[in-house]
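Remarks on the structure that follows.
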Amino acid sequence: MTPSQCRAARALINLTQPKLAEAAGVGLSTVVDFEKSRRAVSDVAREAIRAALEAAGVEFIPENGGGAGVRLRQK
């Protein structure tokens with residue numbers, strides 16, 4: 001998951017950075033710093049953020065020649 005995918009995923013589900021941090025069990029500064037590429041966050045934190053977004057209905061699309069992306073999972 002890239003910082004831009006994280007921002008796009010939050011936008012798809014209308015989730016604030018504080019709510020994402022809470023859902024992922026990480027600090028708000030971790031989410032902010034990751035999304036702004038201020039510093040490298042741990043693999044554990046990045047996976048917790050991704051898992052929280054996936055639990056909320058986001059699906060991450062891997063790089064497949066057309067670029068990585070995000071979408072809402074079909075219900």
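Please note that chains go A, B, ... in the order of the structure tokens, that every chain numbers its residues from 1, and that ligands are numbered from 1 in the order shown.
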task = Write out as a ChimeraX atom specification which residues come within 12 Å of A:Ala56 when counting only C-alpha atoms, dropping same-chain ones fewer than 3 positions away.
result = /A:9-15,19-20,23-24,49-53,59,71-75
Per-residue DSSP, chain A, filtered to strand (DSSP E or B), as a list in words =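 Selection result, strand (DSSP E or B) within chain A: Val58, Glu59, Phe60, Ile61, Gly69, Val70, Arg71 and Leu72 of chain A.
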request  = Can you list, as a ChimeraX atom specification, all residues belonging to stretch 11-53 of chain A that DSSP tags as helix (DSSP H, G or I)?
outcome  = /A:11-13,17-24,28-35,43-53
Would you export the selected residues with N, CA and C atoms as a PDB file, in the first residue's frame, please?
ATOM      1  N   ALA A  11     -10.741   8.314   1.350  1.00  0.00           N
ATOM      2  CA  ALA A  11     -11.722   9.151   0.651  1.00  0.00           C
ATOM      3  C   ALA A  11     -12.916   8.321   0.179  1.00  0.00           C
ATOM      4  N   LEU A  12     -12.651   7.105  -0.299  1.00  0.00           N
ATOM      5  CA  LEU A  12     -13.735   6.240  -0.776  1.00  0.00           C
ATOM      6  C   LEU A  12     -14.752   5.927   0.314  1.00  0.00           C
ATOM      7  N   ILE A  13     -14.265   5.787   1.532  1.00  0.00           N
ATOM      8  CA  ILE A  13     -15.171   5.396   2.624  1.00  0.00           C
ATOM      9  C   ILE A  13     -15.425   6.545   3.597  1.00  0.00           C
ATOM     10  N   GLN A  17      -8.503  10.745   9.217  1.00  0.00           N
ATOM     11  CA  GLN A  17      -7.240  10.198   9.711  1.00  0.00           C
ATOM     12  C   GLN A  17      -7.353   9.753  11.172  1.00  0.00           C
ATOM     13  N   PRO A  18      -7.973  10.548  12.061  1.00  0.00           N
ATOM     14  CA  PRO A  18      -8.105  10.087  13.447  1.00  0.00           C
ATOM     15  C   PRO A  18      -8.903   8.784  13.574  1.00  0.00           C
ATOM     16  N   LYS A  19      -9.963   8.642  12.792  1.00  0.00           N
ATOM     17  CA  LYS A  19     -10.763   7.417  12.854  1.00  0.00           C
ATOM     18  C   LYS A  19      -9.990   6.226  12.303  1.00  0.00           C
ATOM     19  N   LEU A  20      -9.189   6.450  11.262  1.00  0.00           N
ATOM     20  CA  LEU A  20      -8.365   5.369  10.733  1.00  0.00           C
ATOM     21  C   LEU A  20      -7.327   4.952  11.764  1.00  0.00           C
ATOM     22  N   ALA A  21      -6.689   5.914  12.395  1.00  0.00           N
ATOM     23  CA  ALA A  21      -5.690   5.597  13.415  1.00  0.00           C
ATOM     24  C   ALA A  21      -6.305   4.769  14.534  1.00  0.00           C
ATOM     25  N   GLU A  22      -7.493   5.155  14.959  1.00  0.00           N
ATOM     26  CA  GLU A  22      -8.193   4.420  16.016  1.00  0.00           C
ATOM     27  C   GLU A  22      -8.509   2.991  15.570  1.00  0.00           C
ATOM     28  N   ALA A  23      -9.037   2.859  14.352  1.00  0.00           N
ATOM     29  CA  ALA A  23      -9.412   1.535  13.846  1.00  0.00           C
ATOM     30  C   ALA A  23      -8.185   0.633  13.660  1.00  0.00           C
ATOM     31  N   ALA A  24      -7.060   1.226  13.317  1.00  0.00           N
ATOM     32  CA  ALA A  24      -5.846   0.454  13.079  1.00  0.00           C
ATOM     33  C   ALA A  24      -5.046   0.217  14.353  1.00  0.00           C
ATOM     34  N   LEU A  28      -2.142   8.707  15.637  1.00  0.00           N
ATOM     35  CA  LEU A  28      -2.530   9.608  14.558  1.00  0.00           C
ATOM     36  C   LEU A  28      -1.306  10.065  13.777  1.00  0.00           C
ATOM     37  N   SER A  29      -0.214  10.354  14.462  1.00  0.00           N
ATOM     38  CA  SER A  29       0.995  10.815  13.770  1.00  0.00           C
ATOM     39  C   SER A  29       1.510   9.755  12.795  1.00  0.00           C
ATOM     40  N   THR A  30       1.295   8.500  13.099  1.00  0.00           N
ATOM     41  CA  THR A  30       1.725   7.429  12.195  1.00  0.00           C
ATOM     42  C   THR A  30       0.958   7.507  10.883  1.00  0.00           C
ATOM     43  N   VAL A  31      -0.351   7.683  10.964  1.00  0.00           N
ATOM     44  CA  VAL A  31      -1.176   7.789   9.753  1.00  0.00           C
ATOM     45  C   VAL A  31      -0.796   9.048   8.971  1.00  0.00           C
ATOM     46  N   VAL A  32      -0.701  10.172   9.659  1.00  0.00           N
ATOM     47  CA  VAL A  32      -0.372  11.442   8.999  1.00  0.00           C
ATOM     48  C   VAL A  32       0.995  11.350   8.331  1.00  0.00           C
ATOM     49  N   ASP A  33       1.985  10.878   9.063  1.00  0.00           N
ATOM     50  CA  ASP A  33       3.336  10.793   8.515  1.00  0.00           C
ATOM     51  C   ASP A  33       3.409   9.825   7.342  1.00  0.00           C
ATOM     52  N   PHE A  34       2.700   8.710   7.417  1.00  0.00           N
ATOM     53  CA  PHE A  34       2.688   7.754   6.314  1.00  0.00           C
ATOM     54  C   PHE A  34       2.067   8.390   5.073  1.00  0.00           C
ATOM     55  N   GLU A  35       0.899   8.997   5.227  1.00  0.00           N
ATOM     56  CA  GLU A  35       0.200   9.571   4.077  1.00  0.00           C
ATOM     57  C   GLU A  35       0.973  10.728   3.450  1.00  0.00           C
ATOM     58  N   ASP A  43       6.501  -1.884   9.120  1.00  0.00           N
ATOM     59  CA  ASP A  43       5.658  -2.805   8.346  1.00  0.00           C
ATOM     60  C   ASP A  43       4.418  -3.189   9.140  1.00  0.00           C
ATOM     61  N   VAL A  44       4.575  -3.344  10.454  1.00  0.00           N
ATOM     62  CA  VAL A  44       3.452  -3.717  11.319  1.00  0.00           C
ATOM     63  C   VAL A  44       2.383  -2.620  11.287  1.00  0.00           C
ATOM     64  N   ALA A  45       2.799  -1.365  11.384  1.00  0.00           N
ATOM     65  CA  ALA A  45       1.843  -0.248  11.368  1.00  0.00           C
ATOM     66  C   ALA A  45       1.161  -0.147  10.006  1.00  0.00           C
ATOM     67  N   ARG A  46       1.947  -0.277   8.934  1.00  0.00           N
ATOM     68  CA  ARG A  46       1.366  -0.189   7.593  1.00  0.00           C
ATOM     69  C   ARG A  46       0.355  -1.311   7.363  1.00  0.00           C
ATOM     70  N   GLU A  47       0.652  -2.499   7.826  1.00  0.00           N
ATOM     71  CA  GLU A  47      -0.286  -3.618   7.679  1.00  0.00           C
ATOM     72  C   GLU A  47      -1.540  -3.422   8.532  1.00  0.00           C
ATOM     73  N   ALA A  48      -1.400  -2.820   9.704  1.00  0.00           N
ATOM     74  CA  ALA A  48      -2.564  -2.537  10.557  1.00  0.00           C
ATOM     75  C   ALA A  48      -3.474  -1.513   9.886  1.00  0.00           C
ATOM     76  N   ILE A  49      -2.873  -0.508   9.256  1.00  0.00           N
ATOM     77  CA  ILE A  49      -3.656   0.507   8.541  1.00  0.00           C
ATOM     78  C   ILE A  49      -4.381  -0.143   7.366  1.00  0.00           C
ATOM     79  N   ARG A  50      -3.657  -0.942   6.620  1.00  0.00           N
ATOM     80  CA  ARG A  50      -4.271  -1.624   5.471  1.00  0.00           C
ATOM     81  C   ARG A  50      -5.407  -2.538   5.914  1.00  0.00           C
ATOM     82  N   ALA A  51      -5.197  -3.296   6.978  1.00  0.00           N
ATOM     83  CA  ALA A  51      -6.227  -4.212   7.470  1.00  0.00           C
ATOM     84  C   ALA A  51      -7.479  -3.452   7.904  1.00  0.00           C
ATOM     85  N   ALA A  52      -7.294  -2.301   8.535  1.00  0.00           N
ATOM     86  CA  ALA A  52      -8.446  -1.496   8.963  1.00  0.00           C
ATOM     87  C   ALA A  52      -9.231  -0.993   7.755  1.00  0.00           C
ATOM     88  N   LEU A  53      -8.523  -0.577   6.721  1.00  0.00           N
ATOM     89  CA  LEU A  53      -9.199  -0.101   5.510  1.00  0.00           C
ATOM     90  C   LEU A  53      -9.916  -1.254   4.799  1.00  0.00           C
TER      91      LEU A  53
END
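Between atom CA of A:Gly66 and atom CA of A:Thr2 lies a distance of 15.1 Å.
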Contact residues around A:Ala68 with only C-alpha atoms at 10 Å, ignoring same-chain residues under 6 positions, as a list of chain:residue names =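 Returned residues: A:Met1, A:Thr2, A:Ser4, A:Gln5, A:Phe60, A:Ile61, A:Pro62.
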Writer output for current selection, N, CA and C atoms, as an mmCIF file, in the first residue's frame:
data_model
loop_
_atom_site.group_PDB
_atom_site.id
_atom_site.type_symbol
_atom_site.label_atom_id
_atom_site.label_comp_id
_atom_site.auth_asym_id
_atom_site.auth_seq_id
_atom_site.Cartn_x
_atom_site.Cartn_y
_atom_site.Cartn_z
ATOM 1 N N MET A 1 0.845 -1.173 0.000
ATOM 2 C CA MET A 1 0.000 0.000 0.000
ATOM 3 C C MET A 1 0.890 1.235 0.000
ATOM 4 N N THR A 2 0.583 2.139 -0.902
ATOM 5 C CA THR A 2 1.322 3.386 -0.985
ATOM 6 C C THR A 2 0.590 4.480 -0.203
ATOM 7 N N SER A 4 -0.473 7.278 -1.323
ATOM 8 C CA SER A 4 -1.596 7.775 -2.123
ATOM 9 C C SER A 4 -2.765 6.788 -2.129
ATOM 10 N N GLN A 5 -2.479 5.490 -2.106
ATOM 11 C CA GLN A 5 -3.555 4.508 -2.006
ATOM 12 C C GLN A 5 -4.279 4.649 -0.668
ATOM 13 N N PHE A 60 -7.564 -3.293 -2.318
ATOM 14 C CA PHE A 60 -6.371 -2.732 -2.939
ATOM 15 C C PHE A 60 -6.075 -3.484 -4.228
ATOM 16 N N ILE A 61 -5.786 -2.729 -5.281
ATOM 17 C CA ILE A 61 -5.499 -3.295 -6.587
ATOM 18 C C ILE A 61 -3.993 -3.212 -6.796
ATOM 19 N N PRO A 62 -3.341 -4.346 -7.020
ATOM 20 C CA PRO A 62 -1.886 -4.319 -7.203
ATOM 21 C C PRO A 62 -1.499 -3.705 -8.548
#
key: atom CA of A:Gly27 to atom CA of A:Gly67, distance in Å rounded to a single decimal   = 29.0 Å
inquiry  = So the first atom is atom CA of A:Gly69 and the second is atom CA of A:Val26; what is the distance between them in Å, to one decimal place?
reply    =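 Going from atom CA of A:Gly69 over to atom CA of A:Val26 covers 23.1 Å.
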